[in-house]
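Novice: Dropping the structure in here first, questions after.
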Number of protein chains: 2
Amino acid sequence: MRRWEKNIRKVVPYVPGEQPKEVNIIKLNTNENPYPPSPQVMAAINELDAQLLRAYPDPKVEKLVSAIADYFNLRNEQVFVGVGSDDVLAMAFMTFFNSDKAILFPDITYSFYDVWADLFDIPYQKIPLNEAFEIIKEDYLIDNGGIIFPNPNAPTGIAMPLDEVEAIIKNNRDVIVIVDEAYIDFGAQTALSLIEKYDNLVVVQTFSKSRSMAGIRIGYALGNPLLIKYLNDIKYSYNSYTMNYPAIELGVRAIADEDYFRATIAKVMEVREWTKQELIKLGFVFGNSQANFIFAKHGECAAQDIYEALRKERIYVRYFAKARINNYLRITIGTRAEMEVLIERLGKIVR
Amino acid sequence: MRRWEKNIRKVVPYVPGEQPKEVNIIKLNTNENPYPPSPQVMAAINELDAQLLRAYPDPKVEKLVSAIADYFNLRNEQVFVGVGSDDVLAMAFMTFFNSDKAILFPDITYSFYDVWADLFDIPYQKIPLNEAFEIIKEDYLIDNGGIIFPNPNAPTGIAMPLDEVEAIIKNNRDVIVIVDEAYIDFGAQTALSLIEKYDNLVVVQTFSKSRSMAGIRIGYALGNPLLIKYLNDIKYSYNSYTMNYPAIELGVRAIADEDYFRATIAKVMEVREWTKQELIKLGFVFGNSQANFIFAKHGECAAQDIYEALRKERIYVRYFAKARINNYLRITIGTRAEMEVLIERLGKIVR
């Protein structure tokens, strides 16, 4: 042991989905959008001016903040941006979950929550989903230091109705409730309409999934101006310039193209519904996903065996070796052509 | 007071230098490089492929890590990259300064250090510079939980000889010593040669100054593989994908162009030395800066008055209203033409 080891903060990091370097694979393991970003982004990327790189970007990121605020009919003071929703959530954990009481989140959920809680020494309590993998709102009425849950939940894909989301927010007015809406655009109801009504609500969304911009790293939080101010104080205490020049420019262009956005999410949802029907025919069982993935188990074949068989076919899906979900696969919705190959190969594997 | 206020982490954030939106100003307040990035970066920015934005970037950032490792004749395991050196330093504070004992840094130094220490609840002790604004190595031999200092120091620009840097590292083997080399390329001696010898040394550098890439946000840490592993564990516990696709591609191209890099820093240093001579003629006093800025006071005129007079002339320099340095201006080295205008205006102001 080195003499300085005692001073090191030791953590068990989050493990992101594999990013294989091979080509000619079907990659359905990290919930990326199979379609490219808006043609406006494609045009803008070739207009970037390298001369501007020598200067620091705007620390307030006003251009992108304004674009997002305008899009949602909010004021700039209600919008915070970061390097993907992971950066926004990490800063939100630091900012809002500073209590001695445990924060609450589901036992089956985005597996970064307990990692952030451990990193920042935040006590937490995992609230079990029911047998159908649903969040039960009554379970969140206990004393706590804050609440976070995704809607739709990950990796289940199951969405909560807005009135149930509101019940959790309304009955927890003395803590901050973060609704993590990374997958909201694929069919669930956003809680955004509630931010004027509840000053304890923070809604977090991302450009990574529905806007096909995972590679540019943009996430954002929406909430009342005081909460956004506290979040910015933490950001300015961590890194003044998180958003680089290309991210700001391309983010603005992505949010401007509403038609392309609507068309793209409609295609993902259409392929998702087709995939659900085909998976049922093959004997898979799953909740009613409102996300760009399906979380499924098979009646007879073990998930890990299917996962490994698919890898041999150069098809990557996500498998979590964790309690309660170690017989499930999380399958991202790719293009129709990719899903047809998946279904055909699955047909042979589970036969 | 809102009911949830008690759960909020309250901080006093770092205040970055002003980023005025006006055009036709002379901006000498944030230590940006006056020259554009390498022509290779200029070419590469127009070859970026928007199709690739839909996928997550490589979380290991291997392409950029390898480029930096090759450049310094290191192994990939000795290199960590982040969103500017501020991101790298923030993560390094979290990772390495996890002791109950106070970390040490100079009283006059980069003003983000105490902000990070406060953010992460790290105790700290500020060690006064001597009257000539020099770091005295003997002052760093007291019991501590870690050490950080810039070399050259900011905002003084004064560099420490490598043997003095080594003395601090060598006599503090049971803690981590971070040498923050944001400005190293403008004339000081890097501690990089010591990372094989001392396993408690972390060297942090940036693309923002000498490589004219402030707008793309790239910083890096160099150290022994175990320290870099611990830093990566924290990064993966915070945000798996910090570096976006344009940053990775353009960073690789920037570091490939050694000739342009050498020519650019030579120009900055030449203009700095010219500026020093001119400032002396005007009655300014300053230490021997080895950075891309000069930290100067005038024999008769108050710094704040000069600062405000320059602003009226649309020339921005940096003024810190802080103890010991509130009669100094930090003047970034711009182009020769910009510095000629500065000197001419200063001549009128201090006359």
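Order determines the names: the first chain of the structure tokens is A, the second B, and so forth; residues in each chain are numbered 1 upward, and ligands are numbered 1 upward as they are shown.
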Using only C-alpha atoms, I'd like every residue of chain B that has an atom within 6 Å of chain A; please write them out as an MDAnalysis selection string.
Specialist: chainID B and resid 3:4 7:9 13:14 32 36 42 46 50:51 53:57 86:87 95:96 98:99 115 174:175 212:217 233 236:237 239 244:245
Novice: Tell me, as an MDAnalysis selection string, which residues lie within 12 Å of B:Ile169, counting only C-alpha atoms; anything in the same chain fewer than 6 positions away does not count.
Specialist: chainID B and resid 137:138 140:141 146:149 162:163 175:179 191 194:195 197:203
Novice: Produce a file of the selected residues containing N, CA and C atoms, as a short mmCIF file (atom, residue, chain, number, x, y, z; two decimals), in the first residue's frame.
Specialist:
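Output contents, as saved in selection02.cif:
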```
data_model
loop_
_atom_site.label_atom_id
_atom_site.label_comp_id
_atom_site.auth_asym_id
_atom_site.auth_seq_id
_atom_site.Cartn_x
_atom_site.Cartn_y
_atom_site.Cartn_z
N LYS B 137 9.69 27.04 -0.87
CA LYS B 137 9.49 25.59 -0.77
C LYS B 137 9.49 25.10 0.67
N GLU B 138 10.29 25.72 1.55
CA GLU B 138 10.37 25.27 2.95
C GLU B 138 9.01 25.41 3.67
N TYR B 140 6.30 24.42 2.71
CA TYR B 140 5.42 23.30 2.37
C TYR B 140 5.89 22.00 3.01
N LEU B 141 6.68 22.13 4.07
CA LEU B 141 7.19 20.93 4.73
C LEU B 141 6.41 20.62 6.02
N GLY B 146 -2.31 17.18 1.45
CA GLY B 146 -2.11 17.28 0.01
C GLY B 146 -1.64 18.69 -0.33
N ILE B 147 -1.06 18.84 -1.51
CA ILE B 147 -0.50 20.14 -1.92
C ILE B 147 -0.87 20.40 -3.37
N ILE B 148 -1.21 21.66 -3.65
CA ILE B 148 -1.39 22.06 -5.05
C ILE B 148 -0.84 23.47 -5.23
N PHE B 149 -0.14 23.66 -6.33
CA PHE B 149 0.28 25.02 -6.71
C PHE B 149 0.46 25.05 -8.22
N LEU B 162 12.79 23.89 -11.27
CA LEU B 162 12.37 22.50 -11.11
C LEU B 162 12.91 21.87 -9.83
N ASP B 163 14.11 22.25 -9.41
CA ASP B 163 14.65 21.62 -8.20
C ASP B 163 13.84 22.01 -6.97
N VAL B 175 1.51 12.28 0.71
CA VAL B 175 0.32 12.97 0.17
C VAL B 175 0.52 13.15 -1.34
N ILE B 176 -0.57 13.53 -2.01
CA ILE B 176 -0.47 13.82 -3.44
C ILE B 176 -0.12 15.29 -3.63
N VAL B 177 0.83 15.54 -4.52
CA VAL B 177 1.21 16.90 -4.89
C VAL B 177 0.77 17.12 -6.34
N ILE B 178 -0.08 18.13 -6.54
CA ILE B 178 -0.54 18.46 -7.90
C ILE B 178 0.20 19.72 -8.35
N VAL B 179 0.90 19.62 -9.47
CA VAL B 179 1.52 20.80 -10.07
C VAL B 179 0.66 21.20 -11.26
N ALA B 191 7.35 19.69 -14.61
CA ALA B 191 7.70 18.62 -13.66
C ALA B 191 7.44 17.23 -14.23
N LEU B 194 9.46 14.13 -13.66
CA LEU B 194 9.49 13.55 -12.31
C LEU B 194 8.40 12.52 -12.05
N ILE B 195 7.47 12.33 -13.00
CA ILE B 195 6.35 11.43 -12.67
C ILE B 195 6.76 9.97 -12.56
N LYS B 197 9.60 9.10 -11.23
CA LYS B 197 10.40 9.05 -10.00
C LYS B 197 9.53 9.15 -8.74
N TYR B 198 8.46 9.92 -8.81
CA TYR B 198 7.63 10.17 -7.62
C TYR B 198 6.20 9.73 -7.89
N ASP B 199 5.74 8.73 -7.15
CA ASP B 199 4.39 8.22 -7.40
C ASP B 199 3.31 9.09 -6.76
N ASN B 200 3.73 10.16 -6.09
CA ASN B 200 2.76 11.08 -5.47
C ASN B 200 2.57 12.37 -6.27
N LEU B 201 3.08 12.38 -7.50
CA LEU B 201 3.02 13.60 -8.32
C LEU B 201 1.96 13.50 -9.42
N VAL B 202 1.14 14.53 -9.53
CA VAL B 202 0.21 14.67 -10.65
C VAL B 202 0.50 16.01 -11.33
N VAL B 203 0.72 15.97 -12.63
CA VAL B 203 0.96 17.18 -13.42
C VAL B 203 -0.29 17.44 -14.26
#
```
Novice: What's the 6 Å shell around B:Gln205, counting only C-alpha atoms, without same-chain residues fewer than 5 positions away, as a ChimeraX atom specification?
Specialist: /B:181-182,219-220
Novice: What lies within 12 Å of A:Val285 using only C-alpha atoms, ignoring chain neighbours under 5 positions off, as a list of chain:residue names?
Specialist: A:Ala132, A:Thr156, A:Lys276, A:Gln277, A:Glu278, A:Leu279, A:Ile280, A:Ile294, A:Phe295, A:Ala296, A:Lys297, A:His298, A:Gly299, A:Glu300, A:Cys301, A:Ala303, A:Asn327, A:Tyr328, A:Leu329
Novice: Show me, as a list of chain:residue names, the residues that have an atom within 12 Å of A:Leu74 when counting only C-alpha atoms, minus same-chain residues fewer than 2 positions from it.
Specialist: A:Val65, A:Ser66, A:Ala67, A:Ile68, A:Ala69, A:Asp70, A:Tyr71, A:Phe72, A:Asn76, A:Glu77, A:Gln78, A:Val79, A:Phe80, A:Leu192, A:Ser193, A:Ile195, A:Glu196, A:Ala221, A:Leu222, A:Gly223, A:Asn224, A:Pro225
Novice: Taking N, CA and C atoms for each residue, export the selection above as a CSV table (one decimal), in the first residue's frame.
Specialist:
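result.csv written:
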```
chain,number,residue,atom,x,y,z
A,65,VAL,N,-29.1,28.2,-23.7
A,65,VAL,CA,-30.1,28.3,-22.7
A,65,VAL,C,-31.3,29.0,-23.3
A,66,SER,N,-31.1,30.1,-24.0
A,66,SER,CA,-32.3,30.8,-24.6
A,66,SER,C,-33.0,29.9,-25.6
A,67,ALA,N,-32.3,29.2,-26.4
A,67,ALA,CA,-33.0,28.3,-27.4
A,67,ALA,C,-33.9,27.3,-26.7
A,68,ILE,N,-33.4,26.7,-25.6
A,68,ILE,CA,-34.2,25.7,-24.8
A,68,ILE,C,-35.3,26.4,-24.1
A,69,ALA,N,-35.1,27.6,-23.5
A,69,ALA,CA,-36.1,28.3,-22.8
A,69,ALA,C,-37.2,28.7,-23.8
A,70,ASP,N,-36.9,29.2,-25.0
A,70,ASP,CA,-37.9,29.5,-26.0
A,70,ASP,C,-38.7,28.3,-26.4
A,71,TYR,N,-38.0,27.2,-26.6
A,71,TYR,CA,-38.7,26.0,-27.1
A,71,TYR,C,-39.8,25.6,-26.1
A,72,PHE,N,-39.5,25.7,-24.8
A,72,PHE,CA,-40.4,25.3,-23.8
A,72,PHE,C,-41.3,26.4,-23.2
A,76,ASN,N,-35.1,32.2,-19.4
A,76,ASN,CA,-33.7,31.7,-19.3
A,76,ASN,C,-33.4,31.2,-17.9
A,77,GLU,N,-33.9,31.9,-16.9
A,77,GLU,CA,-33.6,31.7,-15.5
A,77,GLU,C,-34.2,30.3,-15.0
A,78,GLN,N,-35.0,29.7,-15.9
A,78,GLN,CA,-35.5,28.4,-15.5
A,78,GLN,C,-34.8,27.2,-16.2
A,79,VAL,N,-33.7,27.5,-16.8
A,79,VAL,CA,-33.0,26.5,-17.6
A,79,VAL,C,-31.5,26.4,-17.2
A,80,PHE,N,-31.0,25.2,-17.0
A,80,PHE,CA,-29.6,24.9,-16.7
A,80,PHE,C,-29.1,23.9,-17.7
A,192,LEU,N,-43.1,18.8,-17.0
A,192,LEU,CA,-42.7,20.2,-17.2
A,192,LEU,C,-43.8,21.2,-16.8
A,193,SER,N,-45.0,20.8,-17.1
A,193,SER,CA,-46.2,21.7,-16.8
A,193,SER,C,-46.3,22.0,-15.3
A,195,ILE,N,-43.7,22.7,-13.2
A,195,ILE,CA,-42.6,23.5,-12.6
A,195,ILE,C,-43.0,24.9,-12.1
A,196,GLU,N,-44.1,25.4,-12.7
A,196,GLU,CA,-44.6,26.7,-12.2
A,196,GLU,C,-45.4,26.5,-10.9
A,221,ALA,N,-31.6,20.9,-17.2
A,221,ALA,CA,-32.5,20.9,-16.1
A,221,ALA,C,-33.5,22.1,-16.2
A,222,LEU,N,-34.7,21.8,-15.9
A,222,LEU,CA,-35.8,22.9,-15.9
A,222,LEU,C,-36.4,23.0,-14.5
A,223,GLY,N,-36.6,24.2,-14.0
A,223,GLY,CA,-37.1,24.3,-12.7
A,223,GLY,C,-37.3,25.8,-12.3
A,224,ASN,N,-37.7,26.1,-11.1
A,224,ASN,CA,-37.9,27.5,-10.8
A,224,ASN,C,-36.5,28.2,-10.6
A,225,PRO,N,-36.5,29.5,-10.9
A,225,PRO,CA,-35.3,30.2,-11.0
A,225,PRO,C,-34.4,30.1,-9.8
```
Novice: Do a neighbour search on A:Val341 at 12 Å with only C-alpha atoms, toss out local chain neighbours closer than 2 positions, and write the hits as an NGL selection string.
Specialist: :A and (25-28 or 275 or 278 or 310 or 313-315 or 334-339 or 343-348)
Novice: Since we have the selection now, will you write its residues out, keeping N, CA and C atoms, as a PDB file, in the first residue's frame?
Specialist:
```pdb
ATOM      1  N   ILE A  25     -21.635  -4.212 -36.777  1.00  0.00           N
ATOM      2  CA  ILE A  25     -22.375  -4.806 -35.678  1.00  0.00           C
ATOM      3  C   ILE A  25     -23.749  -4.136 -35.628  1.00  0.00           C
ATOM      4  N   ILE A  26     -24.670  -4.797 -34.929  1.00  0.00           N
ATOM      5  CA  ILE A  26     -25.953  -4.152 -34.643  1.00  0.00           C
ATOM      6  C   ILE A  26     -25.902  -3.786 -33.165  1.00  0.00           C
ATOM      7  N   LYS A  27     -25.890  -2.494 -32.895  1.00  0.00           N
ATOM      8  CA  LYS A  27     -25.595  -2.008 -31.553  1.00  0.00           C
ATOM      9  C   LYS A  27     -26.886  -1.529 -30.892  1.00  0.00           C
ATOM     10  N   LEU A  28     -27.432  -2.385 -30.018  1.00  0.00           N
ATOM     11  CA  LEU A  28     -28.707  -2.087 -29.368  1.00  0.00           C
ATOM     12  C   LEU A  28     -28.505  -2.099 -27.854  1.00  0.00           C
ATOM     13  N   THR A 275     -41.690  -4.126 -32.879  1.00  0.00           N
ATOM     14  CA  THR A 275     -40.786  -5.049 -32.178  1.00  0.00           C
ATOM     15  C   THR A 275     -41.511  -5.748 -31.026  1.00  0.00           C
ATOM     16  N   GLU A 278     -43.514  -8.627 -32.346  1.00  0.00           N
ATOM     17  CA  GLU A 278     -42.657  -9.743 -32.765  1.00  0.00           C
ATOM     18  C   GLU A 278     -42.070 -10.467 -31.556  1.00  0.00           C
ATOM     19  N   LEU A 310     -26.507 -13.673 -28.895  1.00  0.00           N
ATOM     20  CA  LEU A 310     -26.623 -12.493 -29.771  1.00  0.00           C
ATOM     21  C   LEU A 310     -25.248 -11.879 -30.052  1.00  0.00           C
ATOM     22  N   GLU A 313     -23.548 -13.334 -32.788  1.00  0.00           N
ATOM     23  CA  GLU A 313     -24.145 -12.882 -34.064  1.00  0.00           C
ATOM     24  C   GLU A 313     -23.824 -11.409 -34.312  1.00  0.00           C
ATOM     25  N   ARG A 314     -22.967 -10.814 -33.492  1.00  0.00           N
ATOM     26  CA  ARG A 314     -22.568  -9.405 -33.607  1.00  0.00           C
ATOM     27  C   ARG A 314     -23.737  -8.458 -33.343  1.00  0.00           C
ATOM     28  N   ILE A 315     -24.652  -8.914 -32.479  1.00  0.00           N
ATOM     29  CA  ILE A 315     -25.746  -8.048 -32.037  1.00  0.00           C
ATOM     30  C   ILE A 315     -25.545  -7.779 -30.541  1.00  0.00           C
ATOM     31  N   GLY A 334     -33.569  -0.029 -32.647  1.00  0.00           N
ATOM     32  CA  GLY A 334     -32.774   0.432 -33.782  1.00  0.00           C
ATOM     33  C   GLY A 334     -33.673   0.747 -34.966  1.00  0.00           C
ATOM     34  N   THR A 335     -33.116   0.686 -36.162  1.00  0.00           N
ATOM     35  CA  THR A 335     -33.943   0.861 -37.363  1.00  0.00           C
ATOM     36  C   THR A 335     -34.803  -0.383 -37.564  1.00  0.00           C
ATOM     37  N   ARG A 336     -35.818  -0.261 -38.409  1.00  0.00           N
ATOM     38  CA  ARG A 336     -36.652  -1.419 -38.713  1.00  0.00           C
ATOM     39  C   ARG A 336     -35.797  -2.576 -39.252  1.00  0.00           C
ATOM     40  N   ALA A 337     -34.843  -2.249 -40.126  1.00  0.00           N
ATOM     41  CA  ALA A 337     -33.979  -3.298 -40.703  1.00  0.00           C
ATOM     42  C   ALA A 337     -33.170  -3.996 -39.608  1.00  0.00           C
ATOM     43  N   GLU A 338     -32.641  -3.214 -38.658  1.00  0.00           N
ATOM     44  CA  GLU A 338     -31.868  -3.824 -37.569  1.00  0.00           C
ATOM     45  C   GLU A 338     -32.752  -4.717 -36.699  1.00  0.00           C
ATOM     46  N   MET A 339     -33.973  -4.252 -36.434  1.00  0.00           N
ATOM     47  CA  MET A 339     -34.851  -5.026 -35.565  1.00  0.00           C
ATOM     48  C   MET A 339     -35.324  -6.292 -36.269  1.00  0.00           C
ATOM     49  N   ILE A 343     -34.904  -9.907 -34.638  1.00  0.00           N
ATOM     50  CA  ILE A 343     -36.022 -10.832 -34.446  1.00  0.00           C
ATOM     51  C   ILE A 343     -35.743 -12.176 -35.128  1.00  0.00           C
ATOM     52  N   GLU A 344     -35.150 -12.110 -36.304  1.00  0.00           N
ATOM     53  CA  GLU A 344     -34.841 -13.343 -37.031  1.00  0.00           C
ATOM     54  C   GLU A 344     -33.828 -14.183 -36.235  1.00  0.00           C
ATOM     55  N   ARG A 345     -32.786 -13.519 -35.718  1.00  0.00           N
ATOM     56  CA  ARG A 345     -31.770 -14.256 -34.956  1.00  0.00           C
ATOM     57  C   ARG A 345     -32.337 -14.753 -33.633  1.00  0.00           C
ATOM     58  N   LEU A 346     -33.140 -13.910 -32.980  1.00  0.00           N
ATOM     59  CA  LEU A 346     -33.757 -14.336 -31.717  1.00  0.00           C
ATOM     60  C   LEU A 346     -34.632 -15.561 -31.950  1.00  0.00           C
ATOM     61  N   GLY A 347     -35.319 -15.585 -33.088  1.00  0.00           N
ATOM     62  CA  GLY A 347     -36.180 -16.722 -33.431  1.00  0.00           C
ATOM     63  C   GLY A 347     -35.387 -18.023 -33.407  1.00  0.00           C
ATOM     64  N   LYS A 348     -34.163 -17.972 -33.931  1.00  0.00           N
ATOM     65  CA  LYS A 348     -33.327 -19.181 -33.937  1.00  0.00           C
ATOM     66  C   LYS A 348     -32.797 -19.506 -32.537  1.00  0.00           C
TER      67      LYS A 348
END
```
Novice: To one decimal in Å, tell me the separation between atom CA of B:Leu64 and atom CA of B:Val81.
Specialist: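 Computing the Euclidean distance for atom CA of B:Leu64 and atom CA of B:Val81 yields 8.0 Å.
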Novice: Quick one: residues within 12 Å of B:Gly187, only C-alpha atoms, excluding same-chain residues fewer than 5 positions away - as JSON, numbers by chain?
Specialist: {"B": [151, 152, 157, 158, 159, 160, 161, 181, 182, 210, 262, 265, 266, 267, 268, 269, 270, 272, 273, 288, 289, 290, 291, 292, 293]}
Novice: Between atom CA of A:Pro106 and atom CA of A:Leu129, measure the distance and give it in Å to one decimal.
Specialist: 6.2 Å
Novice: Quick one: DSSP alpha helix (DSSP H) residues in stretch 157-300 of chain B, as an NGL selection string?
Specialist: :B and (162-170 or 225-236 or 245-256 or 258-281)
Novice: Using DSSP on the backbone coordinates, identify the residues of stretch 30-264 of chain A assigned to strand (DSSP E); present them as a ChimeraX atom specification.
Specialist: /A:79-82,103-106,124-127,147-150,177-180,201-206,219-223
Novice: Between atom CA of A:Ile333 and atom CA of A:Asn29, what distance in Å does the model show, to one decimal?
Specialist: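 Atom-to-atom, atom CA of A:Ile333 and atom CA of A:Asn29 are spaced 9.4 Å apart.
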Novice: Between A:Ile168, A:Asn24, A:Asp180, A:Ala102, which one has atoms that come closest to A:Ile122, using only C-alpha atoms?
Specialist: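 Using only C-alpha atoms, the shortest distance to A:Ile122 belongs to A:Ala102.
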Novice: Compare A:Arg351, A:Val204, A:Tyr307, A:Ala323 by their minimum atom-to-atom distance to A:Pro128, counting only C-alpha atoms, and give me the closest one.
Specialist: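 Of the candidates, the smallest distance to A:Pro128 is held by A:Ala323.
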